[in-house]
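Undergrad: Contents of my_file.pdb (PDB, C-alpha atoms) are given next:
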```pdb
ATOM      1  CA  MET R  30      68.285 107.395  86.015
ATOM      2  CA  ILE R  31      67.653 107.012  89.738
ATOM      3  CA  PRO R  32      65.063 109.474  91.066
ATOM      4  CA  PRO R  33      66.226 111.515  94.047
ATOM      5  CA  ALA R  34      65.067 110.318  97.429
ATOM      6  CA  PRO R  35      62.798 112.702  99.351
ATOM      7  CA  HIS R  36      64.620 114.786 101.894
ATOM      8  CA  SER R  37      63.058 117.118 104.382
ATOM      9  CA  GLY R  38      66.072 119.429 104.565
ATOM     10  CA  SER R  39      66.136 119.368 108.377
ATOM     11  CA  SER R  40      68.763 116.944 109.590
ATOM     12  CA  ARG R  41      68.505 115.203 112.947
ATOM     13  CA  PRO R  42      70.723 116.874 115.581
ATOM     14  CA  SER R  43      73.790 114.876 116.518
ATOM     15  CA  VAL R  44      76.499 115.221 119.135
ATOM     16  CA  ALA R  45      78.534 117.450 116.824
ATOM     17  CA  ASP R  46      76.999 119.192 113.797
ATOM     18  CA  GLU R  47      79.170 121.239 111.460
ATOM     19  CA  HIS R  48      76.286 123.339 110.153
ATOM     20  CA  ARG R  49      75.323 124.354 113.717
ATOM     21  CA  ALA R  50      78.867 125.343 114.702
ATOM     22  CA  GLY R  51      80.154 128.901 114.834
ATOM     23  CA  LEU R  52      82.701 130.425 112.482
ATOM     24  CA  ILE R  53      85.768 129.893 114.693
ATOM     25  CA  SER R  54      84.638 126.383 115.578
ATOM     26  CA  ARG R  55      84.286 125.477 111.903
ATOM     27  CA  ILE R  56      87.607 127.012 110.930
ATOM     28  CA  THR R  57      89.500 125.154 113.651
ATOM     29  CA  PHE R  58      87.390 121.939 113.449
ATOM     30  CA  SER R  59      86.733 122.212 117.185
ATOM     31  CA  TRP R  60      83.054 121.312 116.578
ATOM     32  CA  LEU R  61      84.293 117.700 116.351
ATOM     33  CA  TYR R  62      85.601 117.621 119.940
ATOM     34  CA  PRO R  63      82.299 116.535 121.573
ATOM     35  CA  LEU R  64      82.031 113.616 119.147
ATOM     36  CA  ILE R  65      85.669 112.616 119.717
ATOM     37  CA  ARG R  66      85.224 112.825 123.477
ATOM     38  CA  LEU R  67      82.059 110.716 123.335
ATOM     39  CA  GLY R  68      83.789 108.159 121.117
ATOM     40  CA  TYR R  69      86.562 107.906 123.691
ATOM     41  CA  GLU R  70      84.040 107.226 126.471
ATOM     42  CA  ARG R  71      81.904 104.676 124.613
ATOM     43  CA  GLN R  72      81.235 103.199 121.199
ATOM     44  CA  LEU R  73      79.460 105.626 118.899
ATOM     45  CA  LYS R  74      75.911 104.905 117.740
ATOM     46  CA  GLN R  75      74.099 105.873 114.578
ATOM     47  CA  ASP R  76      72.082 108.536 116.421
ATOM     48  CA  ASP R  77      75.320 110.200 117.561
ATOM     49  CA  ILE R  78      76.315 110.939 113.966
ATOM     50  CA  GLY R  79      73.083 112.482 112.730
ATOM     51  CA  GLU R  80      71.865 112.684 109.151
ATOM     52  CA  ASN R  81      73.721 113.753 106.021
ATOM     53  CA  LEU R  82      73.466 117.348 104.937
ATOM     54  CA  ASP R  83      71.918 118.181 101.580
ATOM     55  CA  ARG R  84      75.380 118.868 100.180
ATOM     56  CA  ASP R  85      76.419 115.258 100.925
ATOM     57  CA  LEU R  86      73.396 113.428  99.503
ATOM     58  CA  VAL R  87      74.432 110.926  96.840
ATOM     59  CA  GLU R  88      71.326 111.609  94.735
ATOM     60  CA  ARG R  89      72.307 115.233  94.242
ATOM     61  CA  HIS R  90      75.785 114.428  92.932
ATOM     62  CA  LEU R  91      74.592 111.415  90.937
ATOM     63  CA  LEU R  92      72.049 113.520  89.021
ATOM     64  CA  ASN R  93      74.702 116.173  88.340
ATOM     65  CA  PHE R  94      77.130 113.503  87.110
ATOM     66  CA  GLN R  95      74.494 111.955  84.830
ATOM     67  CA  GLU R  96      73.702 115.357  83.333
ATOM     68  CA  GLN R  97      77.380 116.047  82.670
ATOM     69  CA  LEU R  98      77.821 112.552  81.259
ATOM     70  CA  LYS R  99      75.116 113.168  78.655
ATOM     71  CA  ARG R 100      77.000 116.221  77.386
ATOM     72  CA  GLY R 101      80.351 114.453  77.039
ATOM     73  CA  THR R 102      81.743 111.525  75.101
ATOM     74  CA  GLU R 103      83.802 108.475  75.968
ATOM     75  CA  GLY R 104      86.981 110.411  75.197
ATOM     76  CA  THR R 105      86.048 113.224  77.604
ATOM     77  CA  PHE R 106      85.195 111.058  80.607
ATOM     78  CA  ARG R 107      87.976 112.538  82.763
ATOM     79  CA  ARG R 108      86.747 116.030  81.981
ATOM     80  CA  THR R 109      83.199 114.941  82.824
ATOM     81  CA  ILE R 110      84.340 113.759  86.260
ATOM     82  CA  TRP R 111      86.241 117.004  86.841
ATOM     83  CA  THR R 112      83.275 119.126  85.783
ATOM     84  CA  SER R 113      80.921 117.162  88.018
ATOM     85  CA  PHE R 114      83.015 117.149  91.191
ATOM     86  CA  ASN R 115      85.282 120.207  91.175
ATOM     87  CA  ARG R 116      83.109 122.418  93.399
ATOM     88  CA  LEU R 117      85.732 122.825  96.154
ATOM     89  CA  GLU R 118      88.954 122.135  94.252
ATOM     90  CA  TYR R 119      89.713 125.802  93.574
ATOM     91  CA  TYR R 120      89.428 126.544  97.284
ATOM     92  CA  ALA R 121      91.796 123.637  97.895
ATOM     93  CA  VAL R 122      94.302 125.105  95.429
ATOM     94  CA  ALA R 123      94.076 128.493  97.166
ATOM     95  CA  CYS R 124      94.688 126.869 100.567
ATOM     96  CA  LYS R 125      97.654 124.916  99.246
ATOM     97  CA  PHE R 126      99.152 128.002  97.613
ATOM     98  CA  THR R 127      98.762 130.005 100.834
ATOM     99  CA  SER R 128     100.291 127.187 102.871
ATOM    100  CA  ASP R 129     103.301 126.966 100.563
ATOM    101  CA  LEU R 130     103.664 130.746 100.620
ATOM    102  CA  MET R 131     103.739 130.749 104.429
ATOM    103  CA  GLY R 132     106.648 128.316 104.237
ATOM    104  CA  TYR R 133     108.898 131.218 103.213
ATOM    105  CA  VAL R 134     108.098 133.249 106.315
ATOM    106  CA  LEU R 135     110.129 131.164 108.790
ATOM    107  CA  PRO R 136     113.422 131.236 106.812
ATOM    108  CA  PHE R 137     112.916 134.946 106.192
ATOM    109  CA  CYS R 138     112.311 135.656 109.883
ATOM    110  CA  THR R 139     115.265 133.501 110.918
ATOM    111  CA  GLN R 140     117.585 136.124 109.429
ATOM    112  CA  PHE R 141     116.125 138.725 111.788
ATOM    113  CA  ILE R 142     116.464 136.365 114.755
ATOM    114  CA  VAL R 143     120.164 135.887 113.970
ATOM    115  CA  SER R 144     120.574 139.644 113.597
ATOM    116  CA  TYR R 145     118.855 140.164 116.959
ATOM    117  CA  ALA R 146     121.151 137.618 118.609
ATOM    118  CA  ASP R 147     124.197 139.540 117.360
ATOM    119  CA  ALA R 148     122.945 142.988 118.349
ATOM    120  CA  PRO R 149     119.824 142.871 120.572
ATOM    121  CA  GLU R 150     120.112 146.547 121.496
ATOM    122  CA  GLU R 151     119.475 147.564 117.876
ATOM    123  CA  TRP R 152     116.150 145.759 117.792
ATOM    124  CA  GLY R 153     114.628 146.518 121.147
ATOM    125  CA  THR R 154     111.036 145.303 121.376
ATOM    126  CA  ASP R 155     110.604 145.170 117.584
ATOM    127  CA  ILE R 156     111.787 141.568 117.636
ATOM    128  CA  TRP R 157     108.362 140.638 118.990
ATOM    129  CA  PHE R 158     106.867 141.508 115.611
ATOM    130  CA  VAL R 159     109.169 138.920 114.049
ATOM    131  CA  ALA R 160     108.133 136.340 116.643
ATOM    132  CA  ALA R 161     104.460 137.147 116.030
ATOM    133  CA  ALA R 162     104.951 136.751 112.271
ATOM    134  CA  MET R 163     106.579 133.348 112.799
ATOM    135  CA  PHE R 164     103.765 132.196 115.074
ATOM    136  CA  ALA R 165     101.083 133.475 112.691
ATOM    137  CA  SER R 166     102.700 131.753 109.718
ATOM    138  CA  VAL R 167     102.679 128.414 111.534
ATOM    139  CA  CYS R 168      99.004 128.834 112.449
ATOM    140  CA  VAL R 169      98.012 129.818 108.905
ATOM    141  CA  THR R 170     100.029 126.927 107.447
ATOM    142  CA  SER R 171      98.345 124.442 109.767
ATOM    143  CA  LEU R 172      94.833 125.711 109.045
ATOM    144  CA  CYS R 173      95.402 125.891 105.292
ATOM    145  CA  ASN R 174      96.788 122.354 105.185
ATOM    146  CA  HIS R 175      93.805 121.043 107.141
ATOM    147  CA  TRP R 176      91.331 122.824 104.891
ATOM    148  CA  PHE R 177      93.180 121.716 101.763
ATOM    149  CA  TYR R 178      92.668 118.077 102.727
ATOM    150  CA  GLN R 179      89.106 118.834 103.864
ATOM    151  CA  PHE R 180      88.136 120.277 100.484
ATOM    152  CA  VAL R 181      89.857 117.499  98.538
ATOM    153  CA  MET R 182      88.327 114.748 100.679
ATOM    154  CA  ILE R 183      84.796 116.181 100.436
ATOM    155  CA  ASP R 184      84.917 116.343  96.627
ATOM    156  CA  GLY R 185      86.603 112.932  96.501
ATOM    157  CA  LEU R 186      83.924 111.304  98.646
ATOM    158  CA  HIS R 187      81.183 112.912  96.575
ATOM    159  CA  ALA R 188      82.783 111.609  93.391
ATOM    160  CA  ARG R 189      83.343 108.105  94.718
ATOM    161  CA  THR R 190      79.832 107.629  96.102
ATOM    162  CA  ALA R 191      78.146 109.093  93.008
ATOM    163  CA  LEU R 192      80.196 106.932  90.645
ATOM    164  CA  GLN R 193      79.525 103.827  92.699
ATOM    165  CA  ALA R 194      75.806 104.618  92.685
ATOM    166  CA  ALA R 195      75.949 105.018  88.894
ATOM    167  CA  VAL R 196      77.618 101.619  88.518
ATOM    168  CA  TYR R 197      75.146  99.911  90.827
ATOM    169  CA  ALA R 198      72.250 101.528  88.960
ATOM    170  CA  LYS R 199      73.635 100.119  85.735
ATOM    171  CA  MET R 200      73.942  96.719  87.395
ATOM    172  CA  LEU R 201      70.266  96.691  88.316
ATOM    173  CA  ARG R 202      69.056  97.849  84.904
ATOM    174  CA  PRO R 203      69.573  94.759  82.640
ATOM    175  CA  ARG R 204      67.311  91.748  82.980
ATOM    176  CA  PRO R 205      68.895  88.991  80.856
ATOM    177  CA  SER R 206      67.115  85.647  80.806
ATOM    178  CA  HIS R 207      70.173  83.547  80.034
ATOM    179  CA  GLY R 208      72.304  82.609  83.029
ATOM    180  CA  ASP R 209      75.663  82.901  81.245
ATOM    181  CA  ALA R 210      74.821  86.370  79.954
ATOM    182  CA  ALA R 211      73.841  87.498  83.435
ATOM    183  CA  ALA R 212      77.132  86.222  84.869
ATOM    184  CA  THR R 213      79.133  87.956  82.125
ATOM    185  CA  ILE R 214      77.374  91.284  82.669
ATOM    186  CA  THR R 215      77.852  91.030  86.432
ATOM    187  CA  ASN R 216      81.579  90.409  85.995
ATOM    188  CA  LEU R 217      81.943  93.363  83.634
ATOM    189  CA  GLN R 218      80.090  95.668  85.993
ATOM    190  CA  ALA R 219      82.141  94.477  88.980
ATOM    191  CA  THR R 220      85.254  95.352  86.964
ATOM    192  CA  ASP R 221      83.835  98.830  86.323
ATOM    193  CA  CYS R 222      83.237  99.305  90.047
ATOM    194  CA  ARG R 223      86.787  98.321  90.957
ATOM    195  CA  ALA R 224      88.200 100.612  88.274
ATOM    196  CA  ILE R 225      86.203 103.565  89.590
ATOM    197  CA  GLU R 226      87.343 102.992  93.180
TER     198      GLU R 226
END
```
For the structure just supplied, provide its representation as structure tokens.

TA:
Amino acid sequence: MIPPAPHSGSSRPSVADEHRAGLISRITFSWLYPLIRLGYERQLKQDDIGENLDRDLVERHLLNFQEQLKRGTEGTFRRTIWTSFNRLEYYAVACKFTSDLMGYVLPFCTQFIVSYADAPEEWGTDIWFVAAAMFASVCVTSLCNHWFYQFVMIDGLHARTALQAAVYAKMLRPRPSHGDAAATITNLQATDCRAIE
């Protein structure tokens, strides 16, 4: 088992930090604009990105995966991966469900638009409520789709980096004295790494 690296908990400020952004900025991902603008002006440097947050440290997810792995068996490896890295998947499902649900709003509102075109005097200014509903549904769909991929990508990156760290830790553990045995073990572990990716 790899011991966790020491972490102070205070990350170095960067050009754009998600954890320092406001609610609206985080929801709309506008906290990324300064970093995108700087990247357009010049090549980004390491100091522009800042440090990883505690939630993204590989050690944290590797230790969790190793604990879950001890409780499972070879036949439950898929379930072990799901248990270890499903922290945001339920939020992703909720976003996807909401996005798909909003897809019914536009066809439903189109009926009212057609009715308004046939008899505008019967609707008056109420048609603006239909237009507002159509606009809101598009905005909600866009945000939910973005957050769906955000949640899935975060959990996916956590899983990939933790699994790769587990494979590399296994690669460093054996110390065979025979050259052929070392080559065989290295090939097997390289195959494991490719399979995980």

Undergrad: Just say which residues the PyMOL selection byres ((chain R and resi 168) around 12) picks in this file, as a PyMOL selection string.

TA: chain R and resi 56-57+127-128+131-132+134-135+161-167+169-175

Undergrad: Mind giving me the straight-line distance from CA of Phe114 in chain R to CA of Asn93 in chain R in Å, one decimal?

TA: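 Taking CA of Phe114 in chain R as the start and CA of Asn93 in chain R as the end point, the length is 8.8 Å.
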
Undergrad: Mind telling me what the PyMOL selection byres ((chain R and resi 91) around 10) catches here, as a ChimeraX atom specification?

TA: /R:30-33,86-90,92-97,113,187-188,190-195

Undergrad: Which residues would end up in the selection if the PyMOL selection byres ((chain R and resi 182-184) around 9) were applied here, given that I need the answer as a ChimeraX atom specification?

TA: /R:85,114-118,177-181,185-189

Undergrad: Here is a test: counting all atoms listed in the file, which residue of R:Asp77, R:Asp129, R:Asp83, R:Glu70 is nearest to His48 in chain R?

TA: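 Among the listed residues, the smallest separation from His48 in chain R belongs to R:Asp83.
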
Undergrad: Using the file's own x, y and z axes, so that the box edges lie along x, y and z, what centre and edge lengths in Å (one decimal) does a box around every listed atom of range 81-88 of chain R get when 3 Å is added on each side? Give it as AutoDock Vina command-line options.

TA:
```
--center_x 73.9 --center_y 114.9 --center_z 100.4 --size_x 11.1 --size_y 13.9 --size_z 17.3
```

Undergrad: As an exercise, work out the distance from CA of Leu64 in chain R to CA of Tyr120 in chain R in Å and give it to one decimal place.

TA: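 Straight-line distance from CA of Leu64 in chain R to CA of Tyr120 in chain R works out to 26.5 Å.
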
Undergrad: Provide the CA of Pro63 in chain R to CA of Val44 in chain R distance in Å, to one decimal place.

TA: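 Going from CA of Pro63 in chain R over to CA of Val44 in chain R covers 6.4 Å.
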
Undergrad: Of the candidates R:Val159, R:Leu82, R:Ala45, R:Ala50, which one gets nearest to Leu67 in chain R if we count all atoms listed in the file?

TA: R:Ala45
